[in-house]
>>> print(open('data.pdb').read())   # PDB, C-alpha atoms, pLDDT in the B column
ATOM      1  CA  MET A1239     153.126 170.152 -94.317  1.00 89.00           C
ATOM      2  CA  LYS A1240     150.092 168.200 -95.479  1.00 94.00           C
ATOM      3  CA  PHE A1241     146.793 168.873 -93.698  1.00 97.00           C
ATOM      4  CA  VAL A1242     144.148 166.129 -93.962  1.00 98.00           C
ATOM      5  CA  PHE A1243     140.475 166.907 -93.259  1.00 98.00           C
ATOM      6  CA  LEU A1244     138.050 164.070 -92.441  1.00 98.00           C
ATOM      7  CA  HIS A1245     134.336 164.831 -92.732  1.00 97.00           C
ATOM      8  CA  GLY A1246     131.495 163.536 -90.591  1.00 93.00           C
ATOM      9  CA  LEU A1247     128.517 161.291 -91.211  1.00 90.00           C
ATOM     10  CA  GLY A1248     126.005 163.278 -93.240  1.00 86.00           C
ATOM     11  CA  GLN A1249     128.767 165.403 -94.750  1.00 91.00           C
ATOM     12  CA  SER A1250     131.101 165.183 -97.715  1.00 91.00           C
ATOM     13  CA  ALA A1251     134.600 166.393 -98.503  1.00 94.00           C
ATOM     14  CA  GLN A1252     133.056 169.565 -99.951  1.00 94.00           C
ATOM     15  CA  ASP A1253     131.933 170.670 -96.503  1.00 95.00           C
ATOM     16  CA  TRP A1254     135.530 171.614 -95.662  1.00 97.00           C
ATOM     17  CA  GLN A1255     135.886 174.045 -98.562  1.00 96.00           C
ATOM     18  CA  ALA A1256     134.709 177.106 -96.631  1.00 96.00           C
ATOM     19  CA  VAL A1257     137.367 176.452 -93.980  1.00 97.00           C
ATOM     20  CA  ILE A1258     140.118 175.770 -96.518  1.00 96.00           C
ATOM     21  CA  HIS A1259     139.214 178.884 -98.524  1.00 94.00           C
ATOM     22  CA  ARG A1260     139.651 181.022 -95.406  1.00 94.00           C
ATOM     23  CA  SER A1261     142.976 179.501 -94.422  1.00 91.00           C
ATOM     24  CA  SER A1262     146.402 179.747 -95.998  1.00 87.00           C
ATOM     25  CA  LEU A1263     147.024 176.008 -96.076  1.00 91.00           C
ATOM     26  CA  SER A1264     148.860 175.010 -99.238  1.00 89.00           C
ATOM     27  CA  ASP A1265     148.917 171.201 -99.051  1.00 95.00           C
ATOM     28  CA  VAL A1266     145.436 169.872 -98.273  1.00 97.00           C
ATOM     29  CA  ASP A1267     143.638 166.549 -98.642  1.00 97.00           C
ATOM     30  CA  CYS A1268     139.897 166.021 -98.149  1.00 97.00           C
ATOM     31  CA  PRO A1269     139.239 162.346 -98.903  1.00 96.00           C
ATOM     32  CA  ASP A1270     135.719 161.163 -99.650  1.00 94.00           C
ATOM     33  CA  LEU A1271     135.422 158.744 -96.737  1.00 94.00           C
ATOM     34  CA  PHE A1272     132.399 156.913 -98.092  1.00 91.00           C
ATOM     35  CA  SER A1273     134.275 155.929-101.228  1.00 89.00           C
ATOM     36  CA  PHE A1274     136.280 153.559 -99.006  1.00 88.00           C
ATOM     37  CA  ALA A1275     133.115 151.785 -97.850  1.00 76.00           C
ATOM     38  CA  ALA A1276     131.817 150.670-101.233  1.00 71.00           C
ATOM     39  CA  LYS A1277     131.424 147.021-100.250  1.00 73.00           C
ATOM     40  CA  SER A1278     129.994 146.679 -96.766  1.00 80.00           C
ATOM     41  CA  PHE A1279     129.738 150.292 -95.542  1.00 86.00           C
ATOM     42  CA  THR A1280     131.335 149.784 -92.151  1.00 93.00           C
ATOM     43  CA  TYR A1281     133.667 151.863 -90.014  1.00 95.00           C
ATOM     44  CA  SER A1282     136.420 149.274 -90.505  1.00 94.00           C
ATOM     45  CA  ASP A1283     136.180 149.662 -94.285  1.00 94.00           C
ATOM     46  CA  ILE A1284     136.672 153.414 -94.038  1.00 95.00           C
ATOM     47  CA  LEU A1285     139.603 153.103 -91.643  1.00 96.00           C
ATOM     48  CA  SER A1286     141.273 150.533 -93.916  1.00 95.00           C
ATOM     49  CA  GLY A1287     140.771 152.860 -96.876  1.00 95.00           C
ATOM     50  CA  LEU A1288     142.494 155.707 -95.027  1.00 96.00           C
ATOM     51  CA  GLU A1289     145.384 153.437 -94.132  1.00 97.00           C
ATOM     52  CA  ARG A1290     145.819 152.432 -97.754  1.00 96.00           C
ATOM     53  CA  LEU A1291     145.612 156.037 -98.927  1.00 97.00           C
ATOM     54  CA  TYR A1292     148.396 157.267 -96.645  1.00 97.00           C
ATOM     55  CA  ALA A1293     150.465 154.086 -96.330  1.00 95.00           C
ATOM     56  CA  ASN A1294     153.321 155.520 -98.388  1.00 93.00           C
ATOM     57  CA  THR A1295     153.277 159.040 -96.948  1.00 92.00           C
ATOM     58  CA  SER A1296     156.825 159.693 -95.769  1.00 90.00           C
ATOM     59  CA  GLU A1297     156.370 163.035 -93.997  1.00 95.00           C
ATOM     60  CA  PRO A1298     154.197 163.423 -90.870  1.00 96.00           C
ATOM     61  CA  PHE A1299     150.919 165.256 -91.499  1.00 97.00           C
ATOM     62  CA  VAL A1300     148.208 167.066 -89.558  1.00 97.00           C
ATOM     63  CA  LEU A1301     144.933 165.202 -89.146  1.00 98.00           C
ATOM     64  CA  CYS A1302     141.666 167.069 -88.537  1.00 98.00           C
ATOM     65  CA  GLY A1303     138.373 165.214 -88.121  1.00 98.00           C
ATOM     66  CA  LEU A1304     134.795 166.078 -87.270  1.00 98.00           C
ATOM     67  CA  SER A1305     132.439 163.577 -85.600  1.00 95.00           C
ATOM     68  CA  LEU A1306     132.939 160.321 -87.550  1.00 95.00           C
ATOM     69  CA  GLY A1307     136.087 161.929 -88.919  1.00 97.00           C
ATOM     70  CA  ALA A1308     137.291 162.633 -85.370  1.00 98.00           C
ATOM     71  CA  LEU A1309     136.838 158.980 -84.402  1.00 97.00           C
ATOM     72  CA  LEU A1310     138.844 157.982 -87.464  1.00 98.00           C
ATOM     73  CA  ALA A1311     141.509 160.582 -86.666  1.00 98.00           C
ATOM     74  CA  LEU A1312     141.891 159.246 -83.128  1.00 97.00           C
ATOM     75  CA  ASP A1313     142.010 155.658 -84.319  1.00 98.00           C
ATOM     76  CA  TYR A1314     144.478 156.406 -87.112  1.00 98.00           C
ATOM     77  CA  THR A1315     146.780 158.297 -84.733  1.00 98.00           C
ATOM     78  CA  LEU A1316     146.797 155.414 -82.271  1.00 98.00           C
ATOM     79  CA  ARG A1317     147.651 152.968 -85.063  1.00 97.00           C
ATOM     80  CA  HIS A1318     150.194 155.175 -86.848  1.00 97.00           C
ATOM     81  CA  PRO A1319     151.595 157.624 -84.275  1.00 97.00           C
ATOM     82  CA  ASN A1320     154.731 158.422 -86.266  1.00 96.00           C
ATOM     83  CA  GLN A1321     152.697 159.668 -89.213  1.00 97.00           C
ATOM     84  CA  ILE A1322     150.772 162.329 -87.305  1.00 97.00           C
ATOM     85  CA  SER A1323     152.394 165.619 -86.324  1.00 97.00           C
ATOM     86  CA  SER A1324     149.276 167.224 -84.838  1.00 97.00           C
ATOM     87  CA  LEU A1325     145.652 166.313 -84.249  1.00 97.00           C
ATOM     88  CA  PHE A1326     142.443 168.367 -84.409  1.00 98.00           C
ATOM     89  CA  LEU A1327     139.311 166.720 -82.989  1.00 98.00           C
ATOM     90  CA  ILE A1328     135.953 168.447 -83.572  1.00 98.00           C
ATOM     91  CA  GLY A1329     132.680 167.306 -82.002  1.00 97.00           C
ATOM     92  CA  ALA A1330     134.558 164.225 -80.899  1.00 95.00           C
ATOM     93  CA  GLN A1331     133.691 161.189 -78.854  1.00 94.00           C
ATOM     94  CA  TYR A1332     136.433 158.862 -77.661  1.00 96.00           C
ATOM     95  CA  LYS A1333     133.948 156.275 -76.407  1.00 95.00           C
ATOM     96  CA  VAL A1334     130.880 155.989 -78.602  1.00 90.00           C
ATOM     97  CA  PRO A1335     127.708 156.354 -76.510  1.00 85.00           C
ATOM     98  CA  THR A1336     125.798 153.209 -77.458  1.00 83.00           C
ATOM     99  CA  ARG A1337     122.415 154.594 -76.425  1.00 81.00           C
ATOM    100  CA  LEU A1338     122.942 157.696 -78.548  1.00 78.00           C
ATOM    101  CA  ILE A1339     123.897 155.606 -81.586  1.00 81.00           C
ATOM    102  CA  ASP A1340     120.863 153.355 -81.097  1.00 82.00           C
ATOM    103  CA  PHE A1341     118.560 156.362 -80.743  1.00 81.00           C
ATOM    104  CA  GLN A1342     120.098 157.957 -83.824  1.00 82.00           C
ATOM    105  CA  ASN A1343     119.535 154.773 -85.806  1.00 79.00           C
ATOM    106  CA  LEU A1344     115.933 154.632 -84.605  1.00 85.00           C
ATOM    107  CA  LEU A1345     115.459 158.126 -86.013  1.00 84.00           C
ATOM    108  CA  PHE A1346     117.158 157.058 -89.255  1.00 84.00           C
ATOM    109  CA  HIS A1347     114.733 154.133 -89.573  1.00 84.00           C
ATOM    110  CA  CYS A1348     111.805 156.562 -89.291  1.00 86.00           C
ATOM    111  CA  MET A1349     113.149 158.991 -91.885  1.00 85.00           C
ATOM    112  CA  PRO A1350     112.182 158.685 -95.567  1.00 86.00           C
ATOM    113  CA  GLU A1351     114.823 157.587 -98.067  1.00 86.00           C
ATOM    114  CA  LYS A1352     114.805 161.011 -99.746  1.00 82.00           C
ATOM    115  CA  ALA A1353     116.082 162.592 -96.512  1.00 79.00           C
ATOM    116  CA  PHE A1354     119.414 160.849 -97.103  1.00 79.00           C
ATOM    117  CA  ALA A1355     119.882 162.213-100.615  1.00 73.00           C
ATOM    118  CA  GLY A1356     122.454 164.817 -99.599  1.00 70.00           C
ATOM    119  CA  MET A1357     124.376 162.593 -97.202  1.00 71.00           C
ATOM    120  CA  GLY A1358     126.318 160.591 -99.769  1.00 72.00           C
ATOM    121  CA  LEU A1359     124.889 157.332 -98.426  1.00 82.00           C
ATOM    122  CA  SER A1360     121.577 155.546 -98.745  1.00 85.00           C
ATOM    123  CA  LYS A1361     119.356 155.090 -95.714  1.00 88.00           C
ATOM    124  CA  HIS A1362     120.367 151.433 -95.388  1.00 86.00           C
ATOM    125  CA  ASN A1363     124.091 152.165 -95.613  1.00 88.00           C
ATOM    126  CA  THR A1364     123.883 155.105 -93.205  1.00 87.00           C
ATOM    127  CA  ILE A1365     122.265 152.868 -90.606  1.00 88.00           C
ATOM    128  CA  ARG A1366     124.807 150.116 -91.284  1.00 89.00           C
ATOM    129  CA  LEU A1367     127.761 152.463 -90.906  1.00 90.00           C
ATOM    130  CA  SER A1368     126.357 154.057 -87.773  1.00 89.00           C
ATOM    131  CA  HIS A1369     125.718 150.639 -86.202  1.00 88.00           C
ATOM    132  CA  SER A1370     129.285 149.531 -86.951  1.00 92.00           C
ATOM    133  CA  MET A1371     130.626 152.327 -84.715  1.00 91.00           C
ATOM    134  CA  ARG A1372     128.604 151.514 -81.595  1.00 90.00           C
ATOM    135  CA  THR A1373     131.364 149.553 -79.804  1.00 92.00           C
ATOM    136  CA  LEU A1374     134.261 151.944 -80.445  1.00 95.00           C
ATOM    137  CA  ASP A1375     136.092 152.852 -77.239  1.00 96.00           C
ATOM    138  CA  PHE A1376     139.563 154.427 -77.148  1.00 97.00           C
ATOM    139  CA  SER A1377     139.505 155.250 -73.419  1.00 95.00           C
ATOM    140  CA  SER A1378     142.303 152.880 -72.429  1.00 96.00           C
ATOM    141  CA  LYS A1379     144.611 153.987 -75.259  1.00 96.00           C
ATOM    142  CA  LEU A1380     144.418 157.784 -75.089  1.00 97.00           C
ATOM    143  CA  SER A1381     147.578 157.979 -72.979  1.00 95.00           C
ATOM    144  CA  GLU A1382     149.502 156.610 -75.989  1.00 97.00           C
ATOM    145  CA  ILE A1383     148.869 159.800 -77.978  1.00 97.00           C
ATOM    146  CA  ARG A1384     151.916 162.040 -77.761  1.00 96.00           C
ATOM    147  CA  CYS A1385     151.376 164.610 -80.522  1.00 97.00           C
ATOM    148  CA  PRO A1386     149.794 168.039 -79.880  1.00 97.00           C
ATOM    149  CA  VAL A1387     145.999 167.861 -79.819  1.00 98.00           C
ATOM    150  CA  THR A1388     143.406 170.590 -80.290  1.00 98.00           C
ATOM    151  CA  VAL A1389     139.927 169.674 -79.064  1.00 98.00           C
ATOM    152  CA  ILE A1390     137.143 171.793 -80.572  1.00 98.00           C
ATOM    153  CA  CYS A1391     133.410 171.782 -79.914  1.00 98.00           C
ATOM    154  CA  GLY A1392     130.532 174.081 -80.750  1.00 98.00           C
ATOM    155  CA  ALA A1393     128.851 175.592 -77.697  1.00 98.00           C
ATOM    156  CA  LYS A1394     125.501 174.425 -79.087  1.00 98.00           C
ATOM    157  CA  ASP A1395     126.719 170.866 -79.620  1.00 96.00           C
ATOM    158  CA  HIS A1396     125.190 169.643 -76.370  1.00 94.00           C
ATOM    159  CA  ALA A1397     125.611 165.956 -77.243  1.00 91.00           C
ATOM    160  CA  ASN A1398     129.413 166.300 -77.411  1.00 95.00           C
ATOM    161  CA  LEU A1399     130.382 169.099 -75.009  1.00 97.00           C
ATOM    162  CA  LYS A1400     130.906 166.758 -72.058  1.00 96.00           C
ATOM    163  CA  ALA A1401     133.051 164.392 -74.124  1.00 96.00           C
ATOM    164  CA  ALA A1402     135.132 167.317 -75.419  1.00 97.00           C
ATOM    165  CA  ARG A1403     135.909 168.475 -71.893  1.00 98.00           C
ATOM    166  CA  GLN A1404     136.699 164.930 -70.771  1.00 97.00           C
ATOM    167  CA  LEU A1405     138.940 164.395 -73.779  1.00 97.00           C
ATOM    168  CA  HIS A1406     140.813 167.581 -72.926  1.00 97.00           C
ATOM    169  CA  THR A1407     141.325 166.299 -69.372  1.00 97.00           C
ATOM    170  CA  LEU A1408     142.495 162.877 -70.547  1.00 97.00           C
ATOM    171  CA  LEU A1409     144.993 164.381 -73.017  1.00 97.00           C
ATOM    172  CA  PRO A1410     147.264 166.637 -70.917  1.00 95.00           C
ATOM    173  CA  GLN A1411     148.963 168.055 -74.022  1.00 96.00           C
ATOM    174  CA  SER A1412     145.649 169.174 -75.526  1.00 97.00           C
ATOM    175  CA  HIS A1413     144.023 172.579 -75.824  1.00 97.00           C
ATOM    176  CA  LEU A1414     140.241 172.969 -75.644  1.00 98.00           C
ATOM    177  CA  HIS A1415     138.300 175.531 -77.687  1.00 97.00           C
ATOM    178  CA  ILE A1416     134.539 175.978 -77.369  1.00 98.00           C
ATOM    179  CA  ILE A1417     133.141 177.988 -80.299  1.00 97.00           C
ATOM    180  CA  PRO A1418     130.153 180.040 -79.096  1.00 95.00           C
ATOM    181  CA  SER A1419     128.304 180.435 -82.389  1.00 88.00           C
ATOM    182  CA  ALA A1420     128.533 176.832 -83.544  1.00 97.00           C
ATOM    183  CA  GLY A1421     126.624 173.608 -83.234  1.00 97.00           C
ATOM    184  CA  HIS A1422     127.951 170.172 -84.144  1.00 96.00           C
ATOM    185  CA  GLU A1423     129.021 171.058 -87.700  1.00 96.00           C
ATOM    186  CA  VAL A1424     131.637 173.630 -86.798  1.00 98.00           C
ATOM    187  CA  ASN A1425     133.097 173.565 -90.315  1.00 97.00           C
ATOM    188  CA  LYS A1426     129.752 174.800 -91.667  1.00 96.00           C
ATOM    189  CA  ASP A1427     128.570 176.944 -88.744  1.00 97.00           C
ATOM    190  CA  ALA A1428     131.792 178.872 -88.082  1.00 97.00           C
ATOM    191  CA  PRO A1429     134.298 178.350 -90.921  1.00 97.00           C
ATOM    192  CA  GLU A1430     136.094 181.664 -90.339  1.00 96.00           C
ATOM    193  CA  THR A1431     136.592 180.963 -86.639  1.00 96.00           C
ATOM    194  CA  LEU A1432     137.737 177.419 -87.323  1.00 96.00           C
ATOM    195  CA  ALA A1433     140.163 178.491 -90.055  1.00 96.00           C
ATOM    196  CA  ALA A1434     141.658 181.140 -87.763  1.00 94.00           C
ATOM    197  CA  LEU A1435     141.989 178.625 -84.956  1.00 93.00           C
ATOM    198  CA  ILE A1436     143.772 176.146 -87.211  1.00 92.00           C
ATOM    199  CA  GLN A1437     146.199 178.850 -88.329  1.00 89.00           C
ATOM    200  CA  ILE A1438     147.013 179.734 -84.723  1.00 85.00           C
ATOM    201  CA  CYS A1439     147.441 176.149 -83.564  1.00 75.00           C
ATOM    202  CA  ILE A1440     149.744 174.991 -86.351  1.00 73.00           C
TER     203      ILE A1440
END
>>> encode(input="data.pdb", output="structure tokens")
Amino acid sequence: MKFVFLHGLGQSAQDWQAVIHRSSLSDVDCPDLFSFAAKSFTYSDILSGLERLYANTSEPFVLCGLSLGALLALDYTLRHPNQISSLFLIGAQYKVPTRLIDFQNLLFHCMPEKAFAGMGLSKHNTIRLSHSMRTLDFSSKLSEIRCPVTVICGAKDHANLKAARQLHTLLPQSHLHIIPSAGHEVNKDAPETLAALIQICI
């Protein structure tokens, strides 16, 4: 079964390699999400790119996303429920906190351009992409998700712990795992733990 990993803002597909290396997954995709946003660098562009990429996939696959990737995973599952066999949501929000996004963008505005060198996006495009997510809200649609869901959050990811617990409550079929040693980037902070958890849950 195919396992698709979706990275977060400030990450790239390469940031999943430590997890993949420690797992025994044989059929893996790690798309470069920002390659789908070459024109206007918006959330909608990335989602449309994912839909094009997997439009002709005949067998259901597992979708695992972190942060931005988790939003995309939720959205994709709601739009294409028959394609997804299982869902992993890491550091996830199901309703984007507008104040947090605005504060994050304020920080981005104050950062020098060179600080964005390793993020795969320029400062301008990072701010544009982040702003395009500020109205996302899947609250009213979560009950439509029927596949198994694993909700994961780092214990040090204070900005997303509350949302992770709420998401677990709103998805009765879900399992919640809080990883003690990790912050927001669980794939980088605790790849061994995450890989083991994925193996158990699938």
>>> resolve_selection(input="data.pdb", expression="the PyMOL selection byres ((chain A and resi 1401) around 10)", output="ChimeraX atom specification")
/A:1329-1335,1389,1391,1396-1400,1402-1407
>>> write_last_selection(input="data.pdb", atoms="C-alpha atoms", output="mmCIF file, in the frame of the given file")
data_model
loop_
_atom_site.group_PDB
_atom_site.id
_atom_site.type_symbol
_atom_site.label_atom_id
_atom_site.label_comp_id
_atom_site.auth_asym_id
_atom_site.auth_seq_id
_atom_site.Cartn_x
_atom_site.Cartn_y
_atom_site.Cartn_z
ATOM 1 C CA GLY A 1329 132.680 167.306 -82.002
ATOM 2 C CA ALA A 1330 134.558 164.225 -80.899
ATOM 3 C CA GLN A 1331 133.691 161.189 -78.854
ATOM 4 C CA TYR A 1332 136.433 158.862 -77.661
ATOM 5 C CA LYS A 1333 133.948 156.275 -76.407
ATOM 6 C CA VAL A 1334 130.880 155.989 -78.602
ATOM 7 C CA PRO A 1335 127.708 156.354 -76.510
ATOM 8 C CA VAL A 1389 139.927 169.674 -79.064
ATOM 9 C CA CYS A 1391 133.410 171.782 -79.914
ATOM 10 C CA HIS A 1396 125.190 169.643 -76.370
ATOM 11 C CA ALA A 1397 125.611 165.956 -77.243
ATOM 12 C CA ASN A 1398 129.413 166.300 -77.411
ATOM 13 C CA LEU A 1399 130.382 169.099 -75.009
ATOM 14 C CA LYS A 1400 130.906 166.758 -72.058
ATOM 15 C CA ALA A 1402 135.132 167.317 -75.419
ATOM 16 C CA ARG A 1403 135.909 168.475 -71.893
ATOM 17 C CA GLN A 1404 136.699 164.930 -70.771
ATOM 18 C CA LEU A 1405 138.940 164.395 -73.779
ATOM 19 C CA HIS A 1406 140.813 167.581 -72.926
ATOM 20 C CA THR A 1407 141.325 166.299 -69.372
#
>>> resolve_selection(input="data.pdb", expression="the PyMOL selection byres ((chain A and resi 1272) around 12)", output="MDAnalysis selection string")
chainID A and resid 1244:1251 1268:1271 1273:1288 1306:1307 1357:1360 1363:1364 1367
>>> residues_around(input="data.pdb", residues="range 1378-1387 of chain A", least_positions_apart="6", cutoff="9 Å", atoms="only C-alpha atoms", output="ChimeraX atom specification")
/A:1312,1315-1316,1319,1322-1327,1332,1405-1406,1408-1414
>>> closest_residue(input="data.pdb", among="A:Ala1393, A:Met1371, A:Phe1341, A:Leu1263", to="Ile1436 in chain A", atoms="only C-alpha atoms")
A:Leu1263
>>> atom_distance(input="data.pdb", atom1="CA of Pro1429 in chain A", atom2="CA of Ala1256 in chain A")
5.9 Å
>>> residues_around(input="data.pdb", residues="Ala1433 in chain A", least_positions_apart="6", cutoff="6 Å", atoms="only C-alpha atoms", output="short mmCIF file (atom, residue, chain, number, x, y, z; two decimals) with C-alpha atoms, in the frame of the given file")
data_model
loop_
_atom_site.label_atom_id
_atom_site.label_comp_id
_atom_site.auth_asym_id
_atom_site.auth_seq_id
_atom_site.Cartn_x
_atom_site.Cartn_y
_atom_site.Cartn_z
CA VAL A 1257 137.37 176.45 -93.98
CA ARG A 1260 139.65 181.02 -95.41
CA SER A 1261 142.98 179.50 -94.42
#
>>> atom_distance(input="data.pdb", atom1="CA of Gly1303 in chain A", atom2="CA of Pro1350 in chain A")
28.0 Å
>>> atom_distance(input="data.pdb", atom1="CA of Glu1289 in chain A", atom2="CA of Arg1317 in chain A")
9.4 Å
>>> closest_residue(input="data.pdb", among="A:Ser1305, A:Ser1368, A:Gln1437, A:Gln1321", to="Gly1392 in chain A", atoms="only C-alpha atoms")
A:Ser1305
>>> axis_aligned_box(input="data.pdb", around="range 1366-1384 of chain A", padding_each_side="3 Å", output="JSON")
{"center_x": 138.4, "center_y": 155.8, "center_z": -81.9, "size_x": 33.1, "size_y": 18.5, "size_z": 24.9}
>>> closest_residue(input="data.pdb", among="A:Trp1254, A:Lys1394, A:Phe1241, A:Asp1340", to="Lys1426 in chain A", atoms="only C-alpha atoms")
A:Trp1254
>>> closest_residue(input="data.pdb", among="A:Ile1390, A:Leu1338, A:Ala1355, A:Met1349", to="Ala1420 in chain A", atoms="all atoms listed in the file")
A:Ile1390
